[in-house]
Amino acid sequence: MSLRKRGGIWWIDVYAPTGERIRRTTETANKALAQELHDRLKAELWRVGHLGQKPRHTWNEAVVRWLKEQSHKATAGEDVTKLRWLDQFLGGKPLDTISRSLVDRITDAKLAQGCSNATVNRTLEVLRAILRKCVNEWEWLDRAPQMRMLKESTRRIRFLRHEEAQRLLDVLPPHLSDMAAFTLATGLRAANVTGLQWTQVDLVRRLAWVHADQAKARKALPVPLNAEAVVLIRKWLGKHPTHVFSFRGRPITQVSTKAWYAALERAGIEDFRWHDLRHTWASWHVQNGTPLYALQEMGGWSSAEMVRRYAHLAADHLAPFAERLCALRAVDVEIVGTKKSQSAN
């Protein structure tokens with residue numbers, strides 16, 4: 001029997017001409033409708049097997065394959081969240097029915113939730129990446145609809161002055177204060193600070209490291225420890241058997257807590273996230289003359305473009321060119337003054 005009922009819903013259970021077994025829910029309790037879907041599938045499988053027609057794949061099949069191939073990504077969990085939201089619009093749909101108008105409806109729905117243009121674009125980028133895979137690699141589609149990305153505002157880099165940073169550290173709870181200070185000393189992302197283990201620290205060599213599977217760029221990252229970072233780590237020796245930073249005997253998993261936001265308010269600091277501590281670290285480095293190529297390696301950025309966001313904070317190499325204008329202007333003034341003196345005589 002190629003139609004079976006499970007929990008009140010009819011399921012299709014058929015074999016393709018290639019011998020592949022296909023089991024699929026019809027998502028209906030109506031046998032007549034289930035039979036119609038079954039007959040359509042059988043006819044499609046016959047055309048694929050005997051006439052060489054390209055098989056028709058669904059969005060769900062594409063999502064499953066995408067997640068398998070992208071499971072190594074550090075942002076795989078974020079992709080899953082976006083895909084779950086997209087399922088209300090695309091779940092069960094054949095890929096060739098995903099049109100530009102449907103994509104526009106998805107965009108409008110996301111905007112209606114109050115999301116920023118950047119948030120909408122991150123969701124559309126996942127959709128676009130999957131459809132491009134379907135066209136260029138998997139050969140499941142002949143073409144994909146064009147995506148209309150929304151214009152994003154350029155967000156300025158938020159960083160603290162040294163006195164602001166100290167004011168914040170002074171009002172944070174001790175465990176968060178030390179972790180924030182460690183971030184300002186190393187530039188590590190929040191997950192790498194909370195997940196830092198004693199096996200990743202060598203205080204003799206003044207070095208820590210982030211394993212490839214812990215790094216966002218999926219490349220192992222050496223972390224040189226300056227004197228301040230070493231002092232901070234030494235404070236936590238013996239407090240937990242595996243993790244460097246802990247709270248009440250347990251590893252810390254979250255840093256953007258009520259205590260963090262309360263401290264920001266007490267310190268009088270607005271529009272500041274924990275991740276901005278990393279921006280602060282990078283900004284301080286550039287302002288103190290650290291070359292961008294060195295900053296890229298220390299920060300574990302995969303592209304130089306990411307580091308160039310901080311380039312405007314270092315203008316020392318441009319100072320001699322700016323001074324040339326002053327030198328030229330001084331000469332002009334001197335010549336004009338001489339001519340005036342001569343004419344007076």
# chains A, B, ... in the order shown; residues from 1 in each chain; ligands from 1

call {"tool": "residues_around", "arguments": {"residues": "His275 (chain A)", "least_positions_apart": "2", "cutoff": "12 Å", "atoms": "only C-alpha atoms", "output": "JSON, numbers by chain"}}
result
{"A": [157, 158, 159, 160, 180, 183, 184, 187, 188, 189, 190, 191, 192, 193, 255, 256, 271, 272, 273, 277, 278, 279, 280, 281, 282]}

call {"tool": "write_last_selection", "arguments": {"atoms": "N, CA and C atoms", "output": "PDB file, in the first residue's frame"}}
result
ATOM      1  N   ILE A 157      31.730  53.000  14.974  1.00  0.00           N
ATOM      2  CA  ILE A 157      32.345  52.094  15.941  1.00  0.00           C
ATOM      3  C   ILE A 157      32.214  52.706  17.336  1.00  0.00           C
ATOM      4  N   ARG A 158      31.623  51.962  18.231  1.00  0.00           N
ATOM      5  CA  ARG A 158      31.424  52.442  19.607  1.00  0.00           C
ATOM      6  C   ARG A 158      32.565  51.933  20.469  1.00  0.00           C
ATOM      7  N   PHE A 159      33.325  52.846  21.048  1.00  0.00           N
ATOM      8  CA  PHE A 159      34.388  52.443  21.965  1.00  0.00           C
ATOM      9  C   PHE A 159      34.472  53.433  23.108  1.00  0.00           C
ATOM     10  N   LEU A 160      35.088  52.997  24.187  1.00  0.00           N
ATOM     11  CA  LEU A 160      35.182  53.813  25.399  1.00  0.00           C
ATOM     12  C   LEU A 160      36.527  54.513  25.491  1.00  0.00           C
ATOM     13  N   ALA A 180      35.572  41.665  31.847  1.00  0.00           N
ATOM     14  CA  ALA A 180      35.574  42.836  30.976  1.00  0.00           C
ATOM     15  C   ALA A 180      36.995  43.381  30.821  1.00  0.00           C
ATOM     16  N   THR A 183      38.905  41.215  28.521  1.00  0.00           N
ATOM     17  CA  THR A 183      38.521  41.485  27.133  1.00  0.00           C
ATOM     18  C   THR A 183      39.234  42.724  26.619  1.00  0.00           C
ATOM     19  N   LEU A 184      39.316  43.764  27.450  1.00  0.00           N
ATOM     20  CA  LEU A 184      40.010  44.984  27.050  1.00  0.00           C
ATOM     21  C   LEU A 184      41.507  44.757  26.874  1.00  0.00           C
ATOM     22  N   GLY A 187      41.056  41.464  23.632  1.00  0.00           N
ATOM     23  CA  GLY A 187      40.176  41.591  22.477  1.00  0.00           C
ATOM     24  C   GLY A 187      39.369  40.359  22.154  1.00  0.00           C
ATOM     25  N   LEU A 188      39.340  39.380  23.056  1.00  0.00           N
ATOM     26  CA  LEU A 188      38.618  38.139  22.779  1.00  0.00           C
ATOM     27  C   LEU A 188      37.107  38.367  22.762  1.00  0.00           C
ATOM     28  N   ARG A 189      36.431  37.580  21.949  1.00  0.00           N
ATOM     29  CA  ARG A 189      34.965  37.620  21.914  1.00  0.00           C
ATOM     30  C   ARG A 189      34.418  37.018  23.205  1.00  0.00           C
ATOM     31  N   ALA A 190      33.160  37.355  23.504  1.00  0.00           N
ATOM     32  CA  ALA A 190      32.556  36.935  24.773  1.00  0.00           C
ATOM     33  C   ALA A 190      32.593  35.418  24.949  1.00  0.00           C
ATOM     34  N   ALA A 191      32.263  34.665  23.904  1.00  0.00           N
ATOM     35  CA  ALA A 191      32.232  33.204  24.016  1.00  0.00           C
ATOM     36  C   ALA A 191      33.611  32.628  24.314  1.00  0.00           C
ATOM     37  N   ASN A 192      34.658  33.278  23.799  1.00  0.00           N
ATOM     38  CA  ASN A 192      36.011  32.789  24.043  1.00  0.00           C
ATOM     39  C   ASN A 192      36.499  33.138  25.441  1.00  0.00           C
ATOM     40  N   VAL A 193      35.959  34.214  26.024  1.00  0.00           N
ATOM     41  CA  VAL A 193      36.307  34.561  27.405  1.00  0.00           C
ATOM     42  C   VAL A 193      35.575  33.633  28.377  1.00  0.00           C
ATOM     43  N   VAL A 255      27.252  36.904  29.760  1.00  0.00           N
ATOM     44  CA  VAL A 255      27.854  38.124  30.314  1.00  0.00           C
ATOM     45  C   VAL A 255      26.916  39.329  30.201  1.00  0.00           C
ATOM     46  N   SER A 256      26.042  39.333  29.213  1.00  0.00           N
ATOM     47  CA  SER A 256      25.088  40.446  29.059  1.00  0.00           C
ATOM     48  C   SER A 256      23.894  40.228  29.982  1.00  0.00           C
ATOM     49  N   ASP A 271      24.301  53.207  24.992  1.00  0.00           N
ATOM     50  CA  ASP A 271      24.543  52.647  23.661  1.00  0.00           C
ATOM     51  C   ASP A 271      25.846  51.845  23.631  1.00  0.00           C
ATOM     52  N   PHE A 272      25.968  50.885  24.546  1.00  0.00           N
ATOM     53  CA  PHE A 272      27.199  50.103  24.641  1.00  0.00           C
ATOM     54  C   PHE A 272      26.861  48.649  24.932  1.00  0.00           C
ATOM     55  N   ARG A 273      27.417  47.744  24.102  1.00  0.00           N
ATOM     56  CA  ARG A 273      27.213  46.303  24.268  1.00  0.00           C
ATOM     57  C   ARG A 273      28.519  45.667  24.770  1.00  0.00           C
ATOM     58  N   LEU A 277      33.376  46.077  23.869  1.00  0.00           N
ATOM     59  CA  LEU A 277      34.663  46.005  24.574  1.00  0.00           C
ATOM     60  C   LEU A 277      35.757  45.566  23.601  1.00  0.00           C
ATOM     61  N   ARG A 278      35.401  44.666  22.694  1.00  0.00           N
ATOM     62  CA  ARG A 278      36.354  44.223  21.657  1.00  0.00           C
ATOM     63  C   ARG A 278      36.668  45.381  20.712  1.00  0.00           C
ATOM     64  N   HIS A 279      35.652  46.167  20.347  1.00  0.00           N
ATOM     65  CA  HIS A 279      35.890  47.345  19.516  1.00  0.00           C
ATOM     66  C   HIS A 279      36.789  48.347  20.251  1.00  0.00           C
ATOM     67  N   THR A 280      36.582  48.454  21.554  1.00  0.00           N
ATOM     68  CA  THR A 280      37.408  49.365  22.345  1.00  0.00           C
ATOM     69  C   THR A 280      38.862  48.921  22.330  1.00  0.00           C
ATOM     70  N   TRP A 281      39.076  47.620  22.532  1.00  0.00           N
ATOM     71  CA  TRP A 281      40.441  47.059  22.492  1.00  0.00           C
ATOM     72  C   TRP A 281      41.107  47.361  21.156  1.00  0.00           C
ATOM     73  N   ALA A 282      40.398  47.130  20.059  1.00  0.00           N
ATOM     74  CA  ALA A 282      40.964  47.366  18.733  1.00  0.00           C
ATOM     75  C   ALA A 282      41.229  48.853  18.504  1.00  0.00           C
TER      76      ALA A 282
END

call {"tool": "residues_around", "arguments": {"residues": "Arg206 (chain A)", "least_positions_apart": "6", "cutoff": "7 Å", "atoms": "only C-alpha atoms", "output": "list in words"}}
result
Pro224, Leu225 and Val230 of chain A

call {"tool": "residues_around", "arguments": {"residues": "Leu292 (chain A)", "least_positions_apart": "2", "cutoff": "9 Å", "atoms": "only C-alpha atoms", "output": "ChimeraX atom specification"}}
result
/A:286,289-290,294-297,304,307-308,310-311

call {"tool": "residues_around", "arguments": {"residues": "Asn288 (chain A)", "least_positions_apart": "6", "cutoff": "10 Å", "atoms": "only C-alpha atoms", "output": "PyMOL selection string"}}
result
chain A and resi 282+313-314+316

call {"tool": "write_last_selection", "arguments": {"atoms": "C-alpha atoms", "output": "PDB file, in the first residue's frame"}}
result
ATOM      1  CA  ALA A 282      40.964  47.366  18.733  1.00  0.00           C
ATOM      2  CA  LEU A 313      41.557  56.192  14.190  1.00  0.00           C
ATOM      3  CA  ALA A 314      45.217  56.186  13.171  1.00  0.00           C
ATOM      4  CA  ASP A 316      49.989  59.431  12.217  1.00  0.00           C
TER       5      ASP A 316
END

call {"tool": "select_by_dssp", "arguments": {"residues": "region 46-236 of chain A", "states": "strand (DSSP E or B)", "output": "MDAnalysis selection string"}}
result
chainID A and resid 58 94 197 201:202 207:210 221:224

call {"tool": "write_last_selection", "arguments": {"atoms": "C-alpha atoms", "output": "short mmCIF file (atom, residue, chain, number, x, y, z; two decimals), in the first residue's frame"}}
result
data_model
loop_
_atom_site.label_atom_id
_atom_site.label_comp_id
_atom_site.auth_asym_id
_atom_site.auth_seq_id
_atom_site.Cartn_x
_atom_site.Cartn_y
_atom_site.Cartn_z
CA THR A 58 11.32 21.28 -1.92
CA PRO A 94 8.79 23.37 -4.29
CA GLN A 197 39.89 26.84 30.12
CA VAL A 201 46.60 29.11 29.13
CA ASP A 202 50.39 29.12 29.55
CA LEU A 207 50.18 32.99 26.00
CA ALA A 208 46.64 31.68 25.61
CA TRP A 209 45.03 30.17 22.55
CA VAL A 210 41.61 29.66 21.04
CA LEU A 221 44.04 31.89 17.36
CA PRO A 222 47.12 32.67 19.49
CA VAL A 223 46.39 35.17 22.26
CA PRO A 224 49.43 37.03 23.65
#

call {"tool": "atom_distance", "arguments": {"atom1": "CA of Val126 (chain A)", "atom2": "CA of Asn60 (chain A)"}}
result
13.8 Å

call {"tool": "closest_residue", "arguments": {"among": "A:Gln214, A:Glu270, A:Phe247, A:Ala315", "to": "Pro291 (chain A)", "atoms": "only C-alpha atoms"}}
result
A:Ala315

call {"tool": "atom_distance", "arguments": {"atom1": "CA of Gln113 (chain A)", "atom2": "CA of Glu78 (chain A)"}}
result
18.1 Å

call {"tool": "residues_around", "arguments": {"residues": "Gly249 (chain A)", "least_positions_apart": "4", "cutoff": "10 Å", "atoms": "only C-alpha atoms", "output": "NGL selection string"}}
result
:A and (239-241 or 243 or 245)

call {"tool": "write_last_selection", "arguments": {"atoms": "N, CA and C atoms", "output": "PDB file, in the first residue's frame"}}
result
ATOM      1  N   LYS A 239      40.218  28.516  41.540  1.00  0.00           N
ATOM      2  CA  LYS A 239      38.808  28.755  41.832  1.00  0.00           C
ATOM      3  C   LYS A 239      37.872  27.802  41.089  1.00  0.00           C
ATOM      4  N   HIS A 240      38.346  27.246  39.974  1.00  0.00           N
ATOM      5  CA  HIS A 240      37.538  26.268  39.246  1.00  0.00           C
ATOM      6  C   HIS A 240      38.483  25.282  38.570  1.00  0.00           C
ATOM      7  N   PRO A 241      38.140  23.972  38.545  1.00  0.00           N
ATOM      8  CA  PRO A 241      39.077  22.983  38.019  1.00  0.00           C
ATOM      9  C   PRO A 241      39.308  23.071  36.511  1.00  0.00           C
ATOM     10  N   HIS A 243      37.587  25.824  34.129  1.00  0.00           N
ATOM     11  CA  HIS A 243      37.414  27.130  33.507  1.00  0.00           C
ATOM     12  C   HIS A 243      38.144  28.230  34.283  1.00  0.00           C
ATOM     13  N   PHE A 245      37.337  31.594  34.340  1.00  0.00           N
ATOM     14  CA  PHE A 245      36.379  32.465  35.009  1.00  0.00           C
ATOM     15  C   PHE A 245      35.150  31.677  35.444  1.00  0.00           C
TER      16      PHE A 245
END

call {"tool": "residues_around", "arguments": {"residues": "Arg266 (chain A)", "least_positions_apart": "3", "cutoff": "12 Å", "atoms": "only C-alpha atoms", "output": "list in words"}}
result
Glu164, Arg167, Leu168, Leu169, Asp170, Val171, Leu172, Ala259, Trp260, Tyr261, Ala262, Ala263, Ile269 and Glu270 of chain A
